Amino acid sequence: MSTTRHPGTTRLRASALLVALALASAACTSSPPEGDGTAEVELVYFGDPVEARGYEAMVTSFEAQDPGVDVQTSPVASKADLLARLTTRFAAGDPPDVFLLNYREYAQFAAEGVLADVQPLLDASDLDEGDFFPAPLDAFRFDGTDLTCMPQNVSSLVVYANVDLLRERGVELPTAGWTWDDLVAAASRVTDPAADVYGLGTVASLPRLAPFVWSNGGSVVDDETDPHRLTLDEPAAREALDFFLDLALVHQVTPPVAAEESLDAFSRFLAGGVGLYLDSRRAVPAILDGADFAWTALPLPVAPGGEPATILHADAYCIAADGDVDAAWELVRYAMSADGQTIVAETGRIVPSRRDVAGTATFRDSAPPGVAETFLDNTTIVRATPHVAAWSQLEKVADDVLTEMFYGRVGREDGLRRLSEESTRLLARP
């Protein structure tokens with residue numbers, strides 16, 4: 001029987017979720033007596049209401065098949081809230097049994113030895129590593145060999161396109177292999193500041209910049225497995241950084257800072273005021289719910305003479321070492337089964353890490369035609385940033401500097417110096 005605690009500020013607007021929660025609440029009006037052998041497992045995650053619906057439905061299905069485990073779900077409002085809660089609860093010695101975490105954040109916990117390795121649990125189960133895409137598995141091998149957490153999706157960065165707006169502005173829908181020049185040309189045709197319409201929407205961040213660096217043959221760090229500093233000042237990376245910054249400062253196809261502060265790029269895209277928008281699969285449920293225009297997802301443009309590249313966006317179920325690991329694994333094992341992943345895939349939120357589920361109509365039909373194909377094609381070109389303990393903090397510092405550079409508040413040379421110095425300092429920490 002499922003209960004929900006610590007709900008945060010999540011709005012439960014999906015009627016199916018309300019029904020599921022009501023049934024779950026009714027089922028929990030009488031708790032099992034102590035000593036009846038029921039194991040309690042707490043699952044913590046963050047996500048919008050549609051995503052929450054998928055997790056709650058998956059848990060309900062799991063409990064129906066394994067009545068010996070009582071799952072308490074604890075959704076939080078944002079990734080920042082999730083990290084704050086995990087940090088606080090691990091420090092207090094009371095971590096949740098299972099939690100969903102992005103690969104760019106899990107290493108800070110793995111380095112402290114507070115996560116249970118899932119490799120031996122996986123090896124002894126009916127799951128097979130060969131059933132999953134390799135990229136997300138590799139991202140969660142903290143020691144480079146064994147799995148620390150079990151990745152549930154293989155999302156990536158794409159370009160969401162407002163098809164109606166592009167056609168209105170006479171822009172032909174880009175196809176695979178389109179270039180940086182094509183991006184500038186398309187975004188310029190759409191941009192009309194007087195009408196508060198812009199060609200491109202994005203946040204200025206390391207995950208958004210990295211694929212442009214890789215496509216141009218550059219590197220984000222000096223060593224992928226043992227990084228010591230960011231290398232955005234090296235020629236190929238610097239060329240990609242200049243292109244990224246020029247989108248705002250030279251071509252002016254992105255909303256200026258005042259416009260962005262009044263309405264963020266994603267909200268502007270949903271309102272029909274942005275033609276192209278960079279994001280991962282996480283955007284799909286909100287677009288399905290809020291967009292009243294035809295849309296699709298495109299691969300990222302390719303650097304001149306470069307190669308296609310994108311960045312991995314993957315979350316995994318991690319298990320706290322100080323808890324009922326066996327009961328927690330039973331929940332994770334079911335969540336990673338074909339049945340469990342199919343339930344969550346129905347929401348449109350995830351690109352299933354299981355190959356068989358990613359090939360089903362359930363996943364392909366969860367978004368408009370072409371969207372699934374773009375994400376599946378990306379599984380062959382996706383790359384991950386280093387999974388080291390300091391990466392989460394480094395990324396936050398780098399994002400702040402890149403944002404200042406993107407809006408012209410910090411000069412490029414000064415910004416690059418700060419990025420080099422701060423990354424060297426953070427990555428030098430034991």
# chains A, B, ... in the order shown; residues from 1 in each chain; ligands from 1
$ residues_around --residues "Pro193 in chain A" --least-positions-apart "6" --cutoff "12 Å" --atoms "only C-alpha atoms" --output "PyMOL selection string"
chain A and resi 199+252-256+259+273-274
$ write_last_selection --atoms "N, CA and C atoms" --output "mmCIF file, in the first residue's frame"
data_model
loop_
_atom_site.group_PDB
_atom_site.id
_atom_site.type_symbol
_atom_site.label_atom_id
_atom_site.label_comp_id
_atom_site.auth_asym_id
_atom_site.auth_seq_id
_atom_site.Cartn_x
_atom_site.Cartn_y
_atom_site.Cartn_z
ATOM 1 N N GLY A 199 14.109 33.377 -32.075
ATOM 2 C CA GLY A 199 14.374 32.149 -32.809
ATOM 3 C C GLY A 199 14.826 30.999 -31.953
ATOM 4 N N GLN A 252 21.889 37.803 -31.786
ATOM 5 C CA GLN A 252 20.738 38.270 -30.990
ATOM 6 C C GLN A 252 19.451 37.520 -31.335
ATOM 7 N N VAL A 253 19.567 36.186 -31.417
ATOM 8 C CA VAL A 253 18.396 35.360 -31.724
ATOM 9 C C VAL A 253 17.782 34.760 -30.461
ATOM 10 N N THR A 254 18.348 35.041 -29.304
ATOM 11 C CA THR A 254 17.807 34.574 -28.034
ATOM 12 C C THR A 254 17.210 35.750 -27.272
ATOM 13 N N PRO A 255 16.270 35.501 -26.370
ATOM 14 C CA PRO A 255 15.694 36.603 -25.598
ATOM 15 C C PRO A 255 16.766 37.322 -24.778
ATOM 16 N N PRO A 256 16.783 38.645 -24.767
ATOM 17 C CA PRO A 256 17.735 39.374 -23.925
ATOM 18 C C PRO A 256 17.419 39.136 -22.454
ATOM 19 N N ALA A 259 14.000 40.203 -21.053
ATOM 20 C CA ALA A 259 12.897 39.347 -21.505
ATOM 21 C C ALA A 259 12.940 37.994 -20.813
ATOM 22 N N GLY A 273 6.327 31.838 -28.351
ATOM 23 C CA GLY A 273 7.207 32.963 -28.638
ATOM 24 C C GLY A 273 8.642 32.599 -28.909
ATOM 25 N N VAL A 274 8.941 31.288 -29.034
ATOM 26 C CA VAL A 274 10.288 30.822 -29.360
ATOM 27 C C VAL A 274 10.169 29.731 -30.405
#
$ residues_around --residues "Cys149 in chain A" --least-positions-apart "6" --cutoff "10 Å" --atoms "only C-alpha atoms" --output "list in words"
Val98, Phe99, Leu100, Leu101, Tyr103, Tyr106, Ala110, Leu115, Ala116, Asp117, Val118, Gln119, Leu137, Ala139, Phe140, Arg141, Phe142, Asp315, Ala316, Tyr317, Cys318, Ile319 and Val332 of chain A
$ select_by_dssp --residues "range 226-397 of chain A" --states "alpha helix (DSSP H)" --output "PyMOL selection string"
chain A and resi 235-249+257-262+265-270+284-290+325-335+338-345+355-358+361-364+371-378+391-397
$ closest_residue --among "A:Glu346, A:Asp164, A:Asp66, A:Glu330" --to "Asp292 in chain A" --atoms "only C-alpha atoms"
A:Asp164
$ residues_around --residues "range 357-369 of chain A" --least-positions-apart "3" --cutoff "12 Å" --atoms "only C-alpha atoms" --output "ChimeraX atom specification"
/A:131-133,152-155,160-161,163,281,283-289,293-298,336-354,372-377,379
$ closest_residue --among "A:Phe109, A:Trp214, A:Phe243, A:Tyr277" --to "Ile381 in chain A" --atoms "only C-alpha atoms"
A:Trp214
$ closest_residue --among "A:Arg104, A:Glu224, A:Val114, A:Thr73" --to "Ala321 in chain A" --atoms "only C-alpha atoms"
A:Val114
$ atom_distance --atom1 "CA of Thr310 in chain A" --atom2 "CA of Ala185 in chain A"
20.9 Å
$ closest_residue --among "A:Trp180, A:Ser280, A:Ser61, A:Gly201" --to "Ala240 in chain A" --atoms "only C-alpha atoms"
A:Trp180
$ select_by_dssp --residues "range 87-236 of chain A" --states "strand (DSSP E or B)" --output "MDAnalysis selection string"
chainID A and resid 98:102 115 132 150:151 153 155:156 158:162 179 192 197:201 221 230
$ atom_distance --atom1 "CA of Val388 in chain A" --atom2 "CA of Gln108 in chain A"
7.1 Å
